[in-house]
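Below is one structure, written out as structure tokens; the observations come after it.
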Amino acid sequence: MKIITLVITLIFMSFKIMAANLEITIDTIDDNKGNIMVAVYGEESSDNFVEDSPIKGISIPAQEGEVSLNVSLPAGNYAIAAYQDKNLNNKMDRYFFGKPKEPYGFSNDARRAFSAPKFEEAKFSLPEEGKSIVFSIR
């Protein structure tokens, strides 16, 4: 009887751990230079989430027009930051006063004039059934 209870418990626990599929499409890519760097942040991130460590980082070759990728994550709330690393130096290049030199964007197309958006502005919910999102880099 104890073994049956244990097996049933493990089965139910595995359903909670199952990942949802997130399809991310980033559009308005001007050229094929470099890589698109994507950082996924979880709901435990601070308001200034881009200063936190992402829970998942992905690099894919840039492709003029748009790129798409799939990520498996537990259902929950997330925000995404992405940029085109045109010179392949694995960092966002900036002008003297901190303005980015390379195209960048956030989930929900969240933007602010002089800083990165807050987590709440870029946040989206990923349900267990999965989700597709599209946003731009400029």
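We label chains A, B, ... in the order they appear in the structure tokens, count residues from 1 in each chain, and number ligands from 1 in the order shown.
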Would you pick out the contacts of stretch 35-44 of chain A at 6 Å or less, using only C-alpha atoms, so that residues sharing its chain but fewer than 2 positions from it are not included, and give the list as a PDB file with C-alpha atoms, in the first residue's frame?
```
ATOM      1  CA  PRO A  54      18.682  35.717 -15.991  1.00  0.00           C
ATOM      2  CA  ILE A  55      17.269  32.250 -15.369  1.00  0.00           C
ATOM      3  CA  LYS A  56      18.004  31.384 -18.997  1.00  0.00           C
ATOM      4  CA  GLY A  57      20.286  32.922 -21.601  1.00  0.00           C
ATOM      5  CA  ILE A  58      20.205  32.021 -25.283  1.00  0.00           C
ATOM      6  CA  SER A  59      22.336  33.153 -28.229  1.00  0.00           C
ATOM      7  CA  ILE A  60      21.184  32.557 -31.802  1.00  0.00           C
ATOM      8  CA  PRO A  61      22.551  33.826 -35.137  1.00  0.00           C
ATOM      9  CA  ALA A  62      20.951  37.067 -36.327  1.00  0.00           C
ATOM     10  CA  ASN A  77       5.498  35.163 -14.894  1.00  0.00           C
ATOM     11  CA  TYR A  78       8.537  36.189 -16.920  1.00  0.00           C
ATOM     12  CA  ALA A  79      10.181  39.136 -18.687  1.00  0.00           C
ATOM     13  CA  ILE A  80      12.627  39.009 -21.596  1.00  0.00           C
ATOM     14  CA  ALA A  81      15.424  41.317 -22.689  1.00  0.00           C
ATOM     15  CA  ALA A  82      17.162  40.880 -26.050  1.00  0.00           C
ATOM     16  CA  TYR A  83      19.777  42.670 -28.131  1.00  0.00           C
ATOM     17  CA  GLN A  84      21.693  42.155 -31.367  1.00  0.00           C
ATOM     18  CA  ASP A  85      25.380  41.651 -30.601  1.00  0.00           C
TER      19      ASP A  85
END
```
Practice task
Write down as JSON, numbers by chain the residues of stretch 2-88 of chain A whose backbone DSSP state falls under strand (DSSP E or B).
Solution key: {"A": [20, 21, 22, 23, 24, 25, 26, 27, 28, 29, 35, 36, 37, 38, 39, 40, 41, 42, 56, 57, 58, 59, 60, 61, 65, 66, 67, 68, 69, 70, 71, 72, 73, 76, 77, 78, 79, 80, 81, 82, 83, 84, 85]}
Would you write out those residues with C-alpha atoms, as a short mmCIF file (atom, residue, chain, number, x, y, z; two decimals), in the first residue's frame?
```cif
data_model
loop_
_atom_site.label_atom_id
_atom_site.label_comp_id
_atom_site.auth_asym_id
_atom_site.auth_seq_id
_atom_site.Cartn_x
_atom_site.Cartn_y
_atom_site.Cartn_z
CA ALA A 20 5.45 24.89 -20.71
CA ASN A 21 6.68 25.82 -24.17
CA LEU A 22 7.40 29.48 -24.84
CA GLU A 23 7.84 30.45 -28.48
CA ILE A 24 9.69 33.76 -28.76
CA THR A 25 9.77 35.70 -32.03
CA ILE A 26 11.94 38.80 -32.29
CA ASP A 27 11.26 40.94 -35.32
CA THR A 28 12.51 44.10 -37.02
CA ILE A 29 16.07 42.74 -37.28
CA ASN A 35 23.93 37.10 -32.74
CA ILE A 36 20.64 37.80 -31.04
CA MET A 37 21.21 37.54 -27.29
CA VAL A 38 18.09 36.64 -25.30
CA ALA A 39 17.79 36.72 -21.49
CA VAL A 40 14.75 35.33 -19.66
CA TYR A 41 14.01 36.63 -16.16
CA GLY A 42 11.68 35.00 -13.63
CA LYS A 56 18.00 31.38 -19.00
CA GLY A 57 20.29 32.92 -21.60
CA ILE A 58 20.20 32.02 -25.28
CA SER A 59 22.34 33.15 -28.23
CA ILE A 60 21.18 32.56 -31.80
CA PRO A 61 22.55 33.83 -35.14
CA GLY A 65 13.68 40.12 -40.60
CA GLU A 66 12.94 37.91 -37.62
CA VAL A 67 14.20 35.01 -35.55
CA SER A 68 12.22 32.52 -33.49
CA LEU A 69 13.21 30.18 -30.70
CA ASN A 70 11.51 27.87 -28.24
CA VAL A 71 12.20 27.71 -24.52
CA SER A 72 10.79 25.28 -21.96
CA LEU A 73 9.93 26.90 -18.63
CA GLY A 76 4.68 31.50 -14.31
CA ASN A 77 5.50 35.16 -14.89
CA TYR A 78 8.54 36.19 -16.92
CA ALA A 79 10.18 39.14 -18.69
CA ILE A 80 12.63 39.01 -21.60
CA ALA A 81 15.42 41.32 -22.69
CA ALA A 82 17.16 40.88 -26.05
CA TYR A 83 19.78 42.67 -28.13
CA GLN A 84 21.69 42.15 -31.37
CA ASP A 85 25.38 41.65 -30.60
#
```
Exercise for the section: Would you please give, as a VMD selection string, all residues of chain A that DSSP assigns to helix (DSSP H, G or I) based on the backbone? Expected result: chain A and resid 2 to 17 49 to 51 107 to 109 119 to 122
Exercise for the section: Using only C-alpha atoms, find the one residue out of A:Asp47, A:Asn108, A:Pro74, A:Asp30 that sits nearest to A:Pro127. Expected result: A:Pro74
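Residues with any atom within 6 Å of A:Ile137, counting only C-alpha atoms and excluding same-chain neighbours fewer than 3 positions away, are Pro103, Tyr104 and Gly105 of chain A.
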Exercise for the section: Point out the residue among A:Gly98, A:Asp93, A:Leu126, A:Ala75 with the least atom-to-atom distance to A:Met18, counting only C-alpha atoms. Expected result: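 Smallest distance to A:Met18 is found for A:Ala75.
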Handout entry: Best match for closeness to A:Ser136 among A:Lys118, A:Arg111, A:Lys33, A:Lys123, counting only C-alpha atoms
Key = A:Arg111
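Reported to one decimal place, the separation of atom CA of A:Tyr95 from atom CA of A:Phe135 is 23.8 Å.
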Handout entry: Atomic distance atom CA of A:Ser46 - atom CA of A:Lys86, expressed in Å with one decimal
Key =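 Atom-to-atom, atom CA of A:Ser46 and atom CA of A:Lys86 are spaced 28.1 Å apart.
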